[in-house]
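Raw contents of final_38.txt, compact mmCIF, C-alpha atoms:
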# COMPACT_ATOMS: atom_id res chain seq x y z
CA MET A 1 -162.11 47.86 -159.17
CA THR A 2 -161.00 44.35 -159.00
CA ASP A 3 -157.64 45.29 -160.49
CA ARG A 4 -157.20 48.09 -158.01
CA TYR A 5 -158.06 45.78 -155.21
CA GLN A 6 -155.69 43.26 -156.53
CA THR A 7 -153.07 45.91 -156.83
CA LEU A 8 -153.72 46.93 -153.27
CA GLN A 9 -153.49 43.36 -152.14
CA ASP A 10 -150.28 42.98 -154.05
CA ARG A 11 -149.10 46.18 -152.55
CA VAL A 12 -150.06 45.00 -149.10
CA ALA A 13 -148.43 41.66 -149.74
CA GLU A 14 -145.31 43.42 -150.90
CA LEU A 15 -145.40 45.70 -147.93
CA GLU A 16 -145.95 42.68 -145.74
CA LYS A 17 -143.04 41.00 -147.41
CA ASN A 18 -140.95 44.16 -147.02
CA ARG A 19 -142.02 44.39 -143.41
CA THR A 20 -141.06 40.81 -142.86
CA ALA A 21 -137.74 41.42 -144.54
CA THR A 22 -137.34 44.53 -142.50
CA ASP A 23 -138.27 42.65 -139.38
CA ASP A 24 -135.80 39.94 -140.25
CA ALA A 25 -133.13 42.51 -140.97
CA PHE A 26 -133.98 44.30 -137.80
CA GLN A 27 -134.05 41.07 -135.92
CA GLU A 28 -130.71 40.13 -137.42
CA LEU A 29 -129.41 43.59 -136.63
CA VAL A 30 -130.71 43.36 -133.10
CA GLU A 31 -129.27 39.91 -132.70
CA ARG A 32 -125.94 40.97 -134.16
CA SER A 33 -125.91 44.06 -132.03
CA THR A 34 -126.90 42.03 -129.00
CA GLN A 35 -124.24 39.43 -129.84
CA GLU A 36 -121.61 42.13 -130.23
CA LYS A 37 -122.73 43.80 -127.04
CA TYR A 38 -122.71 40.41 -125.35
CA GLU A 39 -119.31 39.62 -126.65
CA SER A 40 -118.14 43.07 -125.70
CA LEU A 41 -119.65 42.70 -122.29
CA GLN A 42 -118.24 39.22 -121.99
CA SER A 43 -114.82 40.51 -123.04
CA LYS A 44 -115.10 43.30 -120.53
CA LEU A 45 -116.29 40.82 -117.93
CA ILE A 46 -113.33 38.57 -118.66
CA GLU A 47 -111.06 41.58 -118.53
CA LEU A 48 -112.70 42.63 -115.29
CA GLU A 49 -112.31 39.11 -113.91
CA ASN A 50 -108.67 39.18 -114.99
CA ASN A 51 -108.24 42.53 -113.29
CA ILE A 52 -109.96 41.16 -110.21
CA THR A 53 -107.74 38.08 -110.33
CA THR A 54 -104.68 40.30 -110.74
CA ARG A 55 -105.84 42.46 -107.86
CA ASP A 56 -106.56 39.34 -105.83
CA ASP A 57 -103.02 38.16 -106.56
CA SER A 58 -101.70 41.57 -105.64
CA LEU A 59 -103.85 41.51 -102.52
CA GLN A 60 -102.52 38.07 -101.63
CA GLU A 61 -99.01 39.31 -102.17
CA ILE A 62 -99.80 42.30 -99.99
CA GLU A 63 -101.32 39.99 -97.38
CA ALA A 64 -98.22 37.78 -97.58
CA SER A 65 -96.01 40.85 -97.23
CA VAL A 66 -98.12 42.02 -94.29
CA LYS A 67 -97.81 38.57 -92.68
CA GLU A 68 -94.04 38.56 -93.32
CA LEU A 69 -93.83 42.05 -91.88
CA GLU A 70 -95.86 40.96 -88.85
CA ARG A 71 -93.63 37.91 -88.42
CA SER A 72 -90.48 40.07 -88.72
CA ILE A 73 -91.92 42.56 -86.24
CA LYS A 74 -92.81 39.71 -83.90
CA GLU A 75 -89.28 38.27 -84.19
CA ARG A 76 -87.78 41.68 -83.57
CA ASP A 77 -90.11 42.20 -80.62
CA GLU A 78 -89.11 38.80 -79.23
CA ALA A 79 -85.42 39.56 -79.82
CA ASN A 80 -85.79 43.01 -78.27
CA GLU A 81 -87.68 41.48 -75.37
CA GLY A 82 -84.82 38.99 -74.88
CA LYS A 83 -82.28 41.79 -75.05
CA LEU A 84 -84.38 43.82 -72.66
CA ILE A 85 -84.49 40.90 -70.24
CA GLU A 86 -80.71 40.45 -70.60
CA ILE A 87 -80.18 44.18 -70.02
CA GLU A 88 -82.42 44.02 -66.96
CA LYS A 89 -80.43 41.02 -65.68
CA ARG A 90 -77.16 42.87 -66.25
CA ALA A 91 -78.56 45.93 -64.56
CA MET A 92 -79.68 43.81 -61.60
CA LYS A 93 -76.24 42.14 -61.49
CA LYS A 94 -74.52 45.53 -61.57
CA ASP A 95 -76.86 46.74 -58.84
CA THR A 96 -75.91 43.68 -56.78
CA ILE A 97 -72.20 44.29 -57.41
CA LEU A 98 -72.63 47.96 -56.54
CA GLN A 99 -74.41 47.01 -53.32
CA GLU A 100 -71.60 44.56 -52.49
CA MET A 101 -69.03 47.27 -53.24
CA MET A 102 -70.86 49.72 -51.03
CA LEU A 103 -71.03 47.04 -48.31
CA ASN A 104 -67.31 46.33 -48.71
CA ILE A 105 -66.56 50.06 -48.59
CA THR A 106 -68.59 50.30 -45.40
CA ARG A 107 -66.75 47.32 -43.94
CA SER A 108 -63.41 48.77 -45.06
CA ALA A 109 -64.29 52.06 -43.45
CA GLU A 110 -65.17 50.21 -40.26
CA LYS A 111 -61.88 48.30 -40.46
CA VAL A 112 -59.97 51.55 -41.03
CA THR A 113 -61.70 53.03 -37.99
CA GLU A 114 -60.82 49.94 -35.98
CA ILE A 115 -57.22 50.05 -37.22
CA GLU A 116 -57.00 53.73 -36.33
CA LYS A 117 -58.28 52.89 -32.85
CA ASN A 118 -55.75 50.07 -32.54
CA LEU A 119 -52.96 52.33 -33.83
CA HIS A 120 -53.95 55.01 -31.36
CA ALA A 121 -53.92 52.42 -28.58
CA LYS A 122 -50.54 51.10 -29.75
CA GLU A 123 -49.18 54.64 -29.99
CA ASN A 124 -50.31 55.25 -26.42
CA ALA A 125 -48.73 51.95 -25.35
CA LEU A 126 -45.56 52.83 -27.27
CA GLN A 127 -45.42 56.23 -25.66
CA GLU A 128 -45.79 54.56 -22.28
CA VAL A 129 -42.99 52.13 -23.18
CA MET A 130 -40.83 55.06 -24.31
CA ARG A 131 -41.56 56.84 -21.03
CA ASN A 132 -40.63 53.69 -19.14
CA MET A 133 -37.48 53.37 -21.25
CA THR A 134 -36.61 56.97 -20.47
CA ARG A 135 -37.13 56.29 -16.76
CA LEU A 136 -34.98 53.17 -17.03
CA GLU A 137 -32.31 55.08 -18.93
CA ASP A 138 -32.38 57.79 -16.29
CA LYS A 139 -32.09 55.16 -13.58
CA SER A 140 -29.29 53.46 -15.56
CA LYS A 141 -27.45 56.78 -15.83
CA VAL A 142 -27.81 57.27 -12.08
CA ARG A 143 -26.57 53.71 -11.47
CA TYR A 144 -23.71 54.28 -13.92
CA GLU A 145 -22.76 57.47 -12.10
CA GLU A 146 -22.98 55.62 -8.79
CA LEU A 147 -20.73 52.89 -10.18
CA GLU A 148 -18.26 55.50 -11.36
CA VAL A 149 -18.25 57.11 -7.89
CA ASN A 150 -17.81 53.72 -6.23
CA LEU A 151 -15.03 52.83 -8.65
CA ASN A 152 -13.27 56.10 -7.93
CA LYS A 153 -13.60 55.46 -4.22
CA LEU A 154 -12.22 51.98 -4.73
CA GLN A 155 -9.30 53.37 -6.73
CA ASN A 156 -8.52 55.92 -4.03
CA GLU A 157 -8.94 53.54 -1.12
CA SER A 158 -7.17 50.47 -2.47
CA LYS A 159 -3.42 50.46 -2.91
CA ASN A 160 -3.87 47.60 -5.39
CA SER A 161 -6.47 49.43 -7.50
CA PHE A 162 -4.36 49.27 -10.66
CA ASP A 163 -4.09 45.48 -10.46
CA LEU A 164 -7.84 45.22 -9.77
CA GLN A 165 -8.73 47.34 -12.79
CA THR A 166 -6.38 45.35 -15.01
CA ALA A 167 -7.91 42.05 -13.89
CA PHE A 168 -11.44 43.38 -14.36
CA ILE A 169 -10.70 44.56 -17.91
CA LYS A 170 -8.96 41.29 -18.74
CA ASN A 171 -11.87 39.17 -17.54
CA TYR A 172 -14.70 41.22 -19.11
CA ASN A 173 -13.00 43.09 -21.98
CA ILE A 174 -14.68 46.32 -20.93
CA LEU A 175 -14.73 49.13 -23.49
CA ARG A 176 -12.22 47.47 -25.81
CA PRO A 177 -13.00 46.91 -29.51
CA CYS A 178 -13.69 43.35 -30.62
CA LYS A 179 -10.58 43.34 -32.78
CA GLU A 180 -8.50 43.79 -29.62
CA THR A 181 -10.14 40.79 -27.94
CA PRO A 182 -7.82 37.78 -28.36
CA THR A 183 -10.52 35.07 -28.32
CA ASN A 184 -14.23 34.61 -28.93
CA ALA A 185 -15.88 36.29 -25.95
CA SER A 186 -18.72 38.47 -24.73
CA LYS A 187 -17.75 42.04 -23.93
CA ILE A 188 -19.16 45.48 -23.25
CA ILE A 189 -18.87 48.11 -25.99
CA ASN A 190 -19.12 51.80 -25.19
CA LEU A 191 -21.63 53.54 -27.46
CA GLY A 192 -21.01 57.03 -26.12
CA ASN A 193 -23.28 59.28 -24.06
CA ARG A 194 -22.77 56.84 -21.18
CA GLN A 195 -24.47 54.08 -23.15
CA SER A 196 -23.07 50.60 -23.68
CA VAL A 197 -24.10 47.22 -25.01
CA ILE A 198 -22.94 43.66 -24.37
CA VAL A 199 -21.90 41.90 -27.59
CA HIS A 200 -20.30 38.62 -28.61
CA CYS A 201 -17.02 38.91 -30.52
CA ASP A 202 -15.94 36.35 -33.10
CA GLN A 203 -12.34 36.01 -34.25
CA ALA A 204 -12.70 33.21 -36.85
CA PRO A 205 -12.95 32.15 -39.63
CA PHE A 206 -12.90 35.62 -41.24
CA GLY A 207 -10.30 37.26 -39.02
CA LYS A 208 -10.63 39.26 -35.83
CA GLY A 209 -13.03 41.96 -34.81
CA TRP A 210 -16.46 40.65 -35.84
CA ILE A 211 -19.52 41.50 -33.72
CA ILE A 212 -22.34 38.96 -34.08
CA PHE A 213 -25.72 40.68 -34.22
CA GLN A 214 -27.95 37.83 -35.48
CA TYR A 215 -27.49 34.13 -34.73
CA ARG A 216 -29.87 31.21 -35.42
CA TYR A 217 -29.12 27.53 -35.31
CA ASN A 218 -31.78 25.58 -33.34
CA GLY A 219 -35.10 27.47 -33.54
CA LYS A 220 -35.51 27.84 -29.76
CA VAL A 221 -36.05 31.62 -30.01
CA ASP A 222 -39.14 33.00 -31.77
CA PHE A 223 -38.07 35.65 -34.30
CA TYR A 224 -41.62 36.68 -35.33
CA ARG A 225 -41.45 39.79 -33.15
CA THR A 226 -42.66 43.39 -32.92
CA TRP A 227 -40.98 46.63 -33.93
CA ALA A 228 -40.02 47.42 -30.34
CA GLU A 229 -38.40 44.01 -29.90
CA TYR A 230 -36.36 44.30 -33.10
CA ARG A 231 -35.37 47.81 -32.10
CA ASP A 232 -34.18 46.82 -28.60
CA GLY A 233 -33.02 43.25 -29.29
CA PHE A 234 -34.03 39.85 -27.89
CA GLY A 235 -32.59 36.43 -27.05
CA THR A 236 -29.35 35.69 -25.17
CA LEU A 237 -25.72 35.79 -26.28
CA ASP A 238 -25.24 32.13 -25.28
CA GLY A 239 -28.10 31.08 -27.60
CA GLU A 240 -30.06 32.52 -30.52
CA PHE A 241 -30.43 36.30 -30.49
CA TRP A 242 -30.95 39.59 -32.34
CA LEU A 243 -28.74 42.41 -31.00
CA GLY A 244 -31.13 45.31 -31.74
CA LEU A 245 -31.52 47.84 -34.54
CA LYS A 246 -30.82 50.83 -32.33
CA TYR A 247 -27.41 49.39 -31.46
CA LEU A 248 -26.69 48.64 -35.13
CA HIS A 249 -27.52 52.28 -35.89
CA GLN A 250 -25.24 53.60 -33.15
CA LEU A 251 -22.36 51.33 -34.10
CA THR A 252 -22.51 51.81 -37.89
CA THR A 253 -22.97 55.57 -37.83
CA ALA A 254 -20.17 56.18 -35.31
CA ARG A 255 -17.62 54.35 -37.49
CA LYS A 256 -17.54 52.60 -40.85
CA HIS A 257 -18.39 48.89 -40.78
CA GLU A 258 -18.59 45.94 -43.16
CA LEU A 259 -21.14 43.09 -43.10
CA MET A 260 -20.69 39.31 -43.14
CA VAL A 261 -23.56 36.83 -43.56
CA GLU A 262 -23.15 33.06 -43.14
CA VAL A 263 -25.84 30.58 -44.24
CA LYS A 264 -26.16 26.80 -44.46
CA ASP A 265 -29.10 24.70 -45.71
CA TYR A 266 -30.42 21.34 -44.48
CA ASN A 267 -28.31 19.52 -47.10
CA GLY A 268 -25.09 20.96 -45.68
CA ASN A 269 -24.59 23.54 -48.45
CA TYR A 270 -22.69 26.47 -46.90
CA GLY A 271 -21.96 29.95 -48.20
CA TYR A 272 -21.01 33.41 -47.03
CA ALA A 273 -21.83 36.90 -48.34
CA LYS A 274 -19.63 39.89 -47.54
CA TYR A 275 -20.57 43.54 -48.15
CA ASP A 276 -17.82 46.15 -47.91
CA HIS A 277 -20.10 48.74 -46.32
CA PHE A 278 -22.93 48.35 -43.81
CA GLU A 279 -24.95 51.10 -42.17
CA VAL A 280 -28.35 51.26 -40.48
CA GLY A 281 -30.32 54.51 -40.22
CA SER A 282 -32.03 55.90 -37.14
CA GLU A 283 -35.43 54.89 -35.84
CA ALA A 284 -36.87 58.10 -37.29
CA GLN A 285 -35.58 56.82 -40.66
CA LYS A 286 -37.14 53.40 -39.95
CA PHE A 287 -33.64 51.92 -39.66
CA VAL A 288 -33.08 52.24 -43.42
CA LEU A 289 -30.43 49.90 -44.89
CA LYS A 290 -27.25 51.13 -46.61
CA LEU A 291 -25.07 48.46 -48.18
CA GLY A 292 -21.87 48.27 -50.21
CA SER A 293 -20.54 45.85 -52.83
CA TYR A 294 -20.95 42.09 -52.54
CA SER A 295 -18.37 39.29 -52.57
CA GLY A 296 -18.56 35.69 -51.41
CA THR A 297 -19.98 32.23 -52.15
CA ALA A 298 -23.61 32.45 -50.97
CA GLY A 299 -24.89 34.66 -53.79
CA ASP A 300 -26.04 38.27 -53.49
CA SER A 301 -29.46 38.19 -51.82
CA MET A 302 -29.33 41.59 -50.06
CA THR A 303 -28.48 44.18 -52.74
CA TYR A 304 -32.21 44.06 -53.59
CA ASN A 305 -32.89 45.50 -50.10
CA ILE A 306 -30.62 48.57 -50.35
CA GLY A 307 -32.43 51.74 -49.32
CA MET A 308 -35.32 49.83 -47.78
CA LYS A 309 -36.81 50.58 -44.37
CA PHE A 310 -37.18 47.85 -41.76
CA THR A 311 -40.61 46.18 -41.61
CA THR A 312 -42.08 44.10 -38.78
CA LYS A 313 -45.48 42.47 -38.36
CA ASP A 314 -46.76 45.60 -36.59
CA SER A 315 -44.92 48.26 -38.64
CA ASP A 316 -45.37 48.12 -42.43
CA ASN A 317 -42.63 50.14 -44.16
CA ASP A 318 -42.05 48.05 -47.31
CA ASP A 319 -42.56 49.19 -50.92
CA SER A 320 -45.35 46.71 -51.73
CA SER A 321 -48.77 48.30 -52.24
CA SER A 322 -50.63 44.97 -52.00
CA THR A 323 -48.70 42.94 -49.40
CA GLN A 324 -47.50 43.43 -45.83
CA CYS A 325 -44.24 41.58 -46.45
CA ALA A 326 -43.35 40.87 -42.81
CA GLU A 327 -46.71 39.14 -42.40
CA ASP A 328 -46.56 37.47 -45.82
CA ARG A 329 -43.06 36.03 -45.25
CA ASN A 330 -43.51 35.65 -41.47
CA GLY A 331 -40.28 37.52 -40.92
CA ALA A 332 -39.09 41.05 -40.16
CA TRP A 333 -36.55 42.47 -42.64
CA TRP A 334 -35.58 45.38 -44.88
CA HIS A 335 -38.38 44.35 -47.25
CA GLN A 336 -38.89 45.86 -50.69
CA SER A 337 -41.54 43.80 -52.52
CA CYS A 338 -40.69 41.59 -50.60
CA THR A 339 -37.17 40.04 -50.32
CA TYR A 340 -34.64 37.46 -51.53
CA ALA A 341 -33.28 37.15 -47.97
CA ASN A 342 -35.59 36.16 -45.12
CA LEU A 343 -33.16 35.28 -42.34
CA ASN A 344 -35.67 36.25 -39.62
CA GLY A 345 -38.37 33.98 -41.04
CA PRO A 346 -39.77 30.79 -39.42
CA TYR A 347 -37.17 28.22 -38.40
CA GLY A 348 -37.53 24.67 -39.72
CA ASN A 349 -37.17 22.56 -42.86
CA LEU A 350 -40.04 24.33 -44.58
CA SER A 351 -40.80 24.80 -48.27
CA GLY A 352 -41.80 27.97 -50.09
CA ASN A 353 -41.04 31.62 -49.46
CA LYS A 354 -42.34 31.66 -45.88
CA ALA A 355 -39.27 29.84 -44.53
CA MET A 356 -35.93 31.22 -43.32
CA TYR A 357 -34.12 31.42 -46.69
CA TRP A 358 -31.26 33.00 -48.65
CA TYR A 359 -32.53 32.73 -52.23
CA TYR A 360 -29.26 32.95 -54.18
CA LEU A 361 -27.53 30.19 -52.20
CA LYS A 362 -29.08 27.76 -54.73
CA LYS A 363 -31.50 30.14 -56.50
CA ASP A 364 -34.57 28.77 -54.72
CA TYR A 365 -36.49 29.23 -51.47
CA ARG A 366 -34.93 26.26 -49.64
CA ALA A 367 -34.93 26.55 -45.87
CA ILE A 368 -31.78 27.57 -43.97
CA VAL A 369 -30.73 25.63 -40.87
CA TYR A 370 -27.95 27.99 -39.78
CA THR A 371 -27.43 31.73 -40.15
CA ARG A 372 -25.10 34.23 -38.58
CA MET A 373 -24.83 37.94 -39.31
CA MET A 374 -21.80 39.95 -38.20
CA LEU A 375 -20.36 43.43 -38.60
CA ARG A 376 -16.78 44.65 -38.25
CA GLU A 377 -15.27 48.10 -37.96
CA ILE A 378 -13.25 49.18 -41.01
CA ASN A 379 -9.96 50.94 -40.26

Go ahead and express the file in the form of structure tokens.
Amino acid sequence: MTDRYQTLQDRVAELEKNRTATDDAFQELVERSTQEKYESLQSKLIELENNITTRDDSLQEIEASVKELERSIKERDEANEGKLIEIEKRAMKKDTILQEMMLNITRSAEKVTEIEKNLHAKENALQEVMRNMTRLEDKSKVRYEELEVNLNKLQNESKNSFDLQTAFIKNYNILRPCKETPTNASKIINLGNRQSVIVHCDQAPFGKGWIIFQYRYNGKVDFYRTWAEYRDGFGTLDGEFWLGLKYLHQLTTARKHELMVEVKDYNGNYGYAKYDHFEVGSEAQKFVLKLGSYSGTAGDSMTYNIGMKFTTKDSDNDDSSSTQCAEDRNGAWWHQSCTYANLNGPYGNLSGNKAMYWYYLKKDYRAIVYTRMMLREIN
């Protein structure tokens, strides 16, 4: 019994020992398993932290990219806003310019209307002048006829009529060409159709037969005149004068003529220009200029004007689209765009192209102190 008890105790002790060993092994197993799990968890935690860190870095990069994108967008918005402001300014400026243009167009239209009114008034005045001229011509014709009747009566009644006629012709050179006048003198030239004109004949220094139609030497006569005045003539034969375009037309179309121009500057430089043909068109043709070949010492300043119509301050017939040459040069002439000869310009020792000048005398716009224009019939 005792042995069995002892055996049981031994068995219990052994079992206890085995249990303890088992517990230790279990404990060790649990601890190892726990340690492994811990290490695994810790490794996973570290990996997770690394992932989180990586994601945080990525997030920061994304945030930085977002900030950069926002900054770029802001810069673009600011730039676009500046451009938009600039575009608005340009648009406002263009609107202002457009408004000014519209205002100018309105003013121009008003000026055109005013000019048309003035032209209409001038046309009416011109028509009245033409009517008056017609009346005067009719009266002149009547007076001419009366003179003819009286002369016929005188011829019939006076036994010395032949001597009287001879003396009258000798004193006044009536109806004789300039080339038949022995000395410098004023005379009457028959233009046909019972029309005549008083001219001054010059027999030197270029030979006989010259009719002076423009003469300037002291500035006492104003040459800045209207179309009607240049057509009909002005001044006096014993001073400065312009014969008249209508007489130049009648003379040069009835017979062939040549042209002589004399000029002298304030330094005493003299020259002459001769053209072997000279013709002036009718008033309907605006007294267009026809000119032949040049010779002389003054230089050729008029060939440029061939084929040009006559322009005055109140009748613009030049070829310039931007300038009224008679106003710009203060002188009526056969302007093109405008002219190298301005012999009807302002008198005086002036500088620039608004003086009375003959450009090719010295190839500049120096003022002319003396000018004389003459024409002569060609046989």

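Here atom CA of A:Tyr365 is placed at a distance of 17.8 Å from atom CA of A:Tyr217.
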
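With all atoms listed in the file as the atoms that count, the residue of A:His249, A:Lys93, A:Val12, A:Ala21 with the shortest distance to A:Ala284 is A:His249.
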
Need the shell around A:Trp227: protein/DNA/RNA residues with any atom at most 7 Å away, counting only C-alpha atoms. Skip same-chain ones fewer than 6 positions apart. Format as a PDB file with C-alpha atoms, keeping the file's coordinate frame?
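Wrote selection_33.pdb, looks like this:
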ATOM      1  CA  THR A 312     -42.080  44.100 -38.780  1.00  0.00           C
ATOM      2  CA  ASP A 314     -46.760  45.600 -36.590  1.00  0.00           C
ATOM      3  CA  SER A 315     -44.920  48.260 -38.640  1.00  0.00           C
TER       4      SER A 315
END

I'd like the interatomic distance between atom CA of A:Leu289 and atom CA of A:Ile115, to a tenth of an Å. 27.9 Å

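Considering only C-alpha atoms, the residue among A:Arg107, A:Arg90, A:Arg329, A:Lys274 positioned nearest to A:Tyr357 is A:Arg329.
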
Who sits within 7 Å of A:Tyr347, only C-alpha atoms, same chain under 6 positions skipped, as a list in words: Gly219, Ala355 and Met356 of chain A

To one decimal place in Å, what is the distance between atom CA of A:Cys338 and atom CA of A:Glu114? 26.2 Å

Go ahead and fit an axis-aligned box to every listed atom of stretch 17-23 of chain A plus 8 Å each side, and pass me the centre and edge lengths in Å, one decimal, as lines of an AutoDock Vina configuration file.
center_x = -140.2
center_y = 42.7
center_z = -143.4
size_x = 21.7
size_y = 19.7
size_z = 24.0

Shell of 10 Å around A:Asp318, only C-alpha atoms, local chain residues under 5 positions omitted, as a PyMOL selection string: chain A and resi 305+308-312+323-326+333-339

Dump C-alpha atoms for the selected residues as a CSV table (one decimal), keeping the file's coordinate frame?
chain,number,residue,atom,x,y,z
A,305,ASN,CA,-32.9,45.5,-50.1
A,308,MET,CA,-35.3,49.8,-47.8
A,309,LYS,CA,-36.8,50.6,-44.4
A,310,PHE,CA,-37.2,47.8,-41.8
A,311,THR,CA,-40.6,46.2,-41.6
A,312,THR,CA,-42.1,44.1,-38.8
A,323,THR,CA,-48.7,42.9,-49.4
A,324,GLN,CA,-47.5,43.4,-45.8
A,325,CYS,CA,-44.2,41.6,-46.4
A,326,ALA,CA,-43.4,40.9,-42.8
A,333,TRP,CA,-36.6,42.5,-42.6
A,334,TRP,CA,-35.6,45.4,-44.9
A,335,HIS,CA,-38.4,44.4,-47.2
A,336,GLN,CA,-38.9,45.9,-50.7
A,337,SER,CA,-41.5,43.8,-52.5
A,338,CYS,CA,-40.7,41.6,-50.6
A,339,THR,CA,-37.2,40.0,-50.3

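If only C-alpha atoms are the atoms counted, then among A:Leu343, A:Ile52, A:Ile306, A:Ala332 the closest residue to A:Arg225 is A:Ala332.
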
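Proximity of A:Leu291, A:Leu251, A:Leu243, A:Ala91 to A:Leu191, computed with all atoms listed in the file, is greatest for A:Leu251.
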
Incomplete stretch 58-72 of chain A filled out to N, CA, C and O atoms as a JSON list (two decimals), in the coordinates of the input:
[["chain", "number", "residue", "atom", "x", "y", "z"],
["A", 58, "SER", "N", -102.43, 40.48, -106.30],
["A", 58, "SER", "CA", -101.70, 41.57, -105.64],
["A", 58, "SER", "C", -102.06, 41.65, -104.16],
["A", 58, "SER", "O", -101.21, 41.87, -103.29],
["A", 59, "LEU", "N", -103.38, 41.47, -103.90],
["A", 59, "LEU", "CA", -103.85, 41.51, -102.52],
["A", 59, "LEU", "C", -103.22, 40.38, -101.70],
["A", 59, "LEU", "O", -102.82, 40.57, -100.55],
["A", 60, "GLN", "N", -103.16, 39.20, -102.33],
["A", 60, "GLN", "CA", -102.52, 38.07, -101.63],
["A", 60, "GLN", "C", -101.04, 38.35, -101.37],
["A", 60, "GLN", "O", -100.51, 38.02, -100.30],
["A", 61, "GLU", "N", -100.42, 38.95, -102.38],
["A", 61, "GLU", "CA", -99.01, 39.31, -102.17],
["A", 61, "GLU", "C", -98.87, 40.32, -101.05],
["A", 61, "GLU", "O", -97.96, 40.24, -100.22],
["A", 62, "ILE", "N", -99.82, 41.30, -101.05],
["A", 62, "ILE", "CA", -99.80, 42.30, -99.99],
["A", 62, "ILE", "C", -100.03, 41.63, -98.64],
["A", 62, "ILE", "O", -99.37, 41.93, -97.64],
["A", 63, "GLU", "N", -101.03, 40.71, -98.61],
["A", 63, "GLU", "CA", -101.32, 39.99, -97.38],
["A", 63, "GLU", "C", -100.09, 39.19, -96.92],
["A", 63, "GLU", "O", -99.76, 39.15, -95.73],
["A", 64, "ALA", "N", -99.44, 38.54, -97.92],
["A", 64, "ALA", "CA", -98.22, 37.78, -97.58],
["A", 64, "ALA", "C", -97.14, 38.71, -97.05],
["A", 64, "ALA", "O", -96.44, 38.39, -96.08],
["A", 65, "SER", "N", -96.99, 39.88, -97.70],
["A", 65, "SER", "CA", -96.01, 40.85, -97.23],
["A", 65, "SER", "C", -96.35, 41.34, -95.83],
["A", 65, "SER", "O", -95.46, 41.51, -94.98],
["A", 66, "VAL", "N", -97.68, 41.57, -95.62],
["A", 66, "VAL", "CA", -98.12, 42.02, -94.29],
["A", 66, "VAL", "C", -97.82, 40.95, -93.25],
["A", 66, "VAL", "O", -97.31, 41.24, -92.15],
["A", 67, "LYS", "N", -98.10, 39.66, -93.62],
["A", 67, "LYS", "CA", -97.81, 38.57, -92.68],
["A", 67, "LYS", "C", -96.31, 38.48, -92.42],
["A", 67, "LYS", "O", -95.87, 38.27, -91.28],
["A", 68, "GLU", "N", -95.51, 38.61, -93.49],
["A", 68, "GLU", "CA", -94.04, 38.56, -93.32],
["A", 68, "GLU", "C", -93.57, 39.71, -92.44],
["A", 68, "GLU", "O", -92.69, 39.54, -91.58],
["A", 69, "LEU", "N", -94.19, 40.91, -92.69],
["A", 69, "LEU", "CA", -93.83, 42.05, -91.88],
["A", 69, "LEU", "C", -94.22, 41.83, -90.42],
["A", 69, "LEU", "O", -93.46, 42.15, -89.50],
["A", 70, "GLU", "N", -95.43, 41.25, -90.21],
["A", 70, "GLU", "CA", -95.86, 40.96, -88.85],
["A", 70, "GLU", "C", -94.94, 39.95, -88.18],
["A", 70, "GLU", "O", -94.58, 40.09, -87.00],
["A", 71, "ARG", "N", -94.53, 38.91, -88.97],
["A", 71, "ARG", "CA", -93.63, 37.91, -88.42],
["A", 71, "ARG", "C", -92.27, 38.54, -88.05],
["A", 71, "ARG", "O", -91.70, 38.26, -86.99],
["A", 72, "SER", "N", -91.77, 39.39, -88.98],
["A", 72, "SER", "CA", -90.48, 40.07, -88.72],
["A", 72, "SER", "C", -90.59, 40.96, -87.48],
["A", 72, "SER", "O", -89.68, 40.98, -86.65]]
